[in-house]
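> If you scroll down you'll find the structure; I have some questions about it.
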Amino acid sequence: MKNVMSYLRVIGFMILAFFLLEFIVDSGEEWAIVKYPIIWAVLGVVFFFAVAFEIVAAALQRVLYTGLDDEAKKRYATIEENQFGWIKKKYKEMLDSKPIEKEQEIVLDHNYDGIRELDNNLPPWWKYLFYATIVFAGVYLVYYEIFDGPNQIDELETEIAQAKIDIAKYKENNKDLIDASTVEFLDSPSDLAAGKAIYTDNCVACHKDSGGGGIGPNLTDDYWILGGGIKNIYNTISEGGRAGKGMIAWKTDLKPSEIAQVSSYVMTLHGTNPADGKEPEGEIWKEEDTLEEAVKENETADNTEV
Ligand code: HEC
């Protein structure tokens with residue numbers, strides 16, 4: 001029993017040191033102990049001193065003890081014995097078992113070939129646990145069945161809604177993580193204004209201010225050589241047109257967020273029908289053209305050829 005206190009003190013001290021360090025060291029959202037492995041070393045030193053302190057204290061205690069007179073030693077022994085007294089007492093109470101000497105009081109009359117039964121009380125720890133489950137069941141019933149507390153589906157929906165908010169926030173903070181497969185049309189005036197500025201700086205030489213086309217094709221009509229829609233347009237601007245046609249890959253000059261802005265701006269040019277617009281080139285592109293439909297169209301085209 002004597003050493004228990006030492007162990008508890010060291011453990012408690014280590015926990016205290018750990019949280020103190022976590023509190024003091026600024027490590028952002030991460031645990032400081034993960035971010036800075038040096039903290040392990042600091043805790044190691046703390047541990048060393050805590051153990052050393054306990055050893056020295058125990059040795060000192062022994063020296064002092066031997067110097068005590070008999071009277072004092074006896075007092076010391078009772079103090080030792082009463083250590084954790086209330087825990088021991090509570091433990092006994094919770095078991096409520098009869099000591100062997102008193103078993104005679106609760107033995108039942110039945111005698112099965114010498115086997116006899118004791119009429120013990122239910123252990124209070126067990127009984128209280130049982131009462132607790134009854135209370136829990138009552139609260140549970142009222143909360144979930146009568147007052148319609150959230151069920152698992154509601155919880156899932158809340159979490160999904162939260163996840164959507166988190167994703168939106170994440171995208172907001174990481175605008176350059178988009179590519180042709182994830183890009184979406186940006187409809188905010190600031191994005192479109194930025195897109196227009198990028199277009200004016202880089203694209204008018206070949207596509208004209210109006211988008212009507214010059215060296216490059218008309219961007220305002222329904223016809224697209226390399227496919228319309230935000231994802232195809234993004235891809236064309238990012239990766240460039242067909243080799244030798246003059247449309248370079250802009251991904252080295254423009255950031256993904258900028259390509260998304262100028263792609264969105266190009267989308268807004270659709271249907272403006274400028275007076276000096278070039279003849280349509282390529283094929284009609286419809287927004288609902290999915291991959292499957294494109295494959296089907298291709299097949300029917302092949303069939304008619306045969
Ligand atoms: C040097 C001239 C030139 C410049 C500058 C230029 N383009 Fe092009 N662009 C072309 C040509 C030529 C094509 C056709 C490519 C092909 O046929 O493969 C084209 C194609 C495109 C297409 C696809 C059109 C379709 O019908 O599929 C888009 C979208 C486009 N350009 C957007 C832009 C944007 C946005 C910029 C500015 C960042 C830009 N272009 C700068 C010459 C240019």
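Identifiers for the structure tokens are assigned positionally: chains receive A, B, ... in sequence, residues are indexed from 1 per chain, and ligands are indexed from 1 in the order shown.
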Please provide as a PDB file with C-alpha atoms, in the first residue's frame all residues within 8 Å of Glu22 in chain A, with the sequence filter that same-chain residues fewer than 2 positions apart are discarded (counting only C-alpha atoms).

ATOM      1  CA  PHE A  18       1.612  16.585 -20.310  1.00  0.00           C
ATOM      2  CA  PHE A  19      -1.415  18.874 -20.294  1.00  0.00           C
ATOM      3  CA  LEU A  20       0.606  21.825 -19.108  1.00  0.00           C
ATOM      4  CA  ILE A  24       1.745  26.226 -23.209  1.00  0.00           C
ATOM      5  CA  VAL A  25       3.156  25.064 -26.563  1.00  0.00           C
ATOM      6  CA  ASP A  26       1.311  26.565 -29.516  1.00  0.00           C
ATOM      7  CA  TRP A  31      -1.210  17.797 -30.554  1.00  0.00           C
ATOM      8  CA  ALA A  32       2.025  19.457 -29.550  1.00  0.00           C
ATOM      9  CA  ILE A  33       3.462  16.047 -28.678  1.00  0.00           C
TER      10      ILE A  33
END
> Name the residues, by chain letter and number, that sit within 6 Å of ligand 1 using only C-alpha atoms and all ligand atoms, and give them as a ChimeraX atom specification.
/A:199,202-203,205-206,215-217,224-227,233,236-237,241-242,245-247,262
> As a PyMOL selection string, list the residues of range 1-38 of chain A assigned to helix (DSSP H, G or I) by DSSP on the backbone atoms of this structure.
chain A and resi 2-24+32-35+38
> Set the distance at 12 Å and use only C-alpha atoms: which residues neighbour range 269-284 of chain A once local chain neighbours fewer than 5 positions away are removed? I'd like the list as a compact mmCIF listing (two decimals) with C-alpha atoms, in the first residue's frame.

# COMPACT_ATOMS: atom_id res chain seq x y z
CA LEU A 192 -16.74 36.84 -63.69
CA GLY A 195 -12.43 36.15 -65.73
CA LYS A 196 -13.14 39.03 -68.06
CA TYR A 199 -9.72 37.16 -71.11
CA CYS A 206 -7.32 35.43 -81.29
CA HIS A 207 -10.91 35.26 -80.03
CA LYS A 208 -11.76 38.99 -80.18
CA ASP A 209 -13.20 41.12 -77.44
CA SER A 210 -16.68 39.93 -78.26
CA GLY A 211 -15.68 36.26 -78.38
CA GLY A 212 -16.78 36.27 -82.03
CA GLY A 213 -13.50 34.73 -83.08
CA GLY A 214 -10.55 35.51 -85.34
CA ILE A 215 -7.58 33.21 -85.46
CA GLY A 216 -9.45 31.19 -82.86
CA PRO A 217 -13.01 29.97 -83.26
CA ASN A 218 -16.22 31.72 -82.29
CA LEU A 219 -16.90 31.19 -78.59
CA THR A 220 -20.43 32.59 -78.58
CA ASP A 221 -22.28 30.06 -80.72
CA ASP A 222 -23.62 26.57 -80.09
CA TYR A 223 -20.79 24.91 -82.00
CA TRP A 224 -17.69 23.63 -80.30
CA ILE A 225 -14.63 21.95 -81.78
CA LEU A 226 -13.39 20.64 -78.47
CA GLY A 227 -16.68 20.45 -76.58
CA GLY A 228 -18.72 23.05 -74.72
CA GLY A 229 -19.79 23.24 -71.13
CA ILE A 230 -17.65 24.41 -68.23
CA VAL A 262 -11.98 32.74 -67.49
CA SER A 263 -13.86 29.54 -68.40
CA SER A 264 -16.89 30.89 -66.58
CA ASP A 289 -24.79 15.53 -73.49
CA ALA A 294 -22.47 10.62 -76.90
> Between A:Ala197, A:Leu122, A:Leu186, A:Thr66, which residue has the minimum interatomic distance to Thr268 in chain A, considering only C-alpha atoms?
A:Leu186
> What gap, in Å, lies between CA of Lys89 in chain A and CA of Ile11 in chain A?
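These atoms are spaced 24.9 Å apart.
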> Write out as a count of residues only all residues of range 32-259 of chain A that backbone DSSP assigns to strand (DSSP E or B).
6
> By how many Å are CA of Lys102 in chain A and CA of Phe130 in chain A apart?
27.3 Å
> Once you count only C-alpha atoms, what closest atom pair and distance in Å to one decimal does each residue of range 201-302 of chain A within 10 Å of range 158-175 of chain A have, with rows by chain and rising residue number, as a Markdown table?

| residue | atom | partner | partner_atom | distance |
| --- | --- | --- | --- | --- |
| A:Lys255 | CA | A:Lys175 | CA | 9.4 |
| A:Pro256 | CA | A:Lys175 | CA | 7.6 |
| A:Ser257 | CA | A:Lys175 | CA | 5.6 |
| A:Glu258 | CA | A:Lys175 | CA | 9.2 |
| A:Ala260 | CA | A:Lys175 | CA | 9.3 |
> Which residue, A:Thr200, A:Leu156, A:Phe185, A:Phe49, has the smallest gap to Asn232 in chain A when you use only C-alpha atoms?
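The closest residue to Asn232 in chain A is A:Phe185.
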> Skip range 50-62 of chain A itself and residues of its chain fewer than 6 positions away, then list as a PyMOL selection string all residues within 10 Å of it, counting only C-alpha atoms.
chain A and resi 2-3+5-7+9-11+13-14+44
> To one decimal in Å, tell me the separation between CA of Asp96 in chain A and CA of Thr133 in chain A.
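Answer for the CA of Asp96 in chain A to CA of Thr133 in chain A separation: 20.7 Å.
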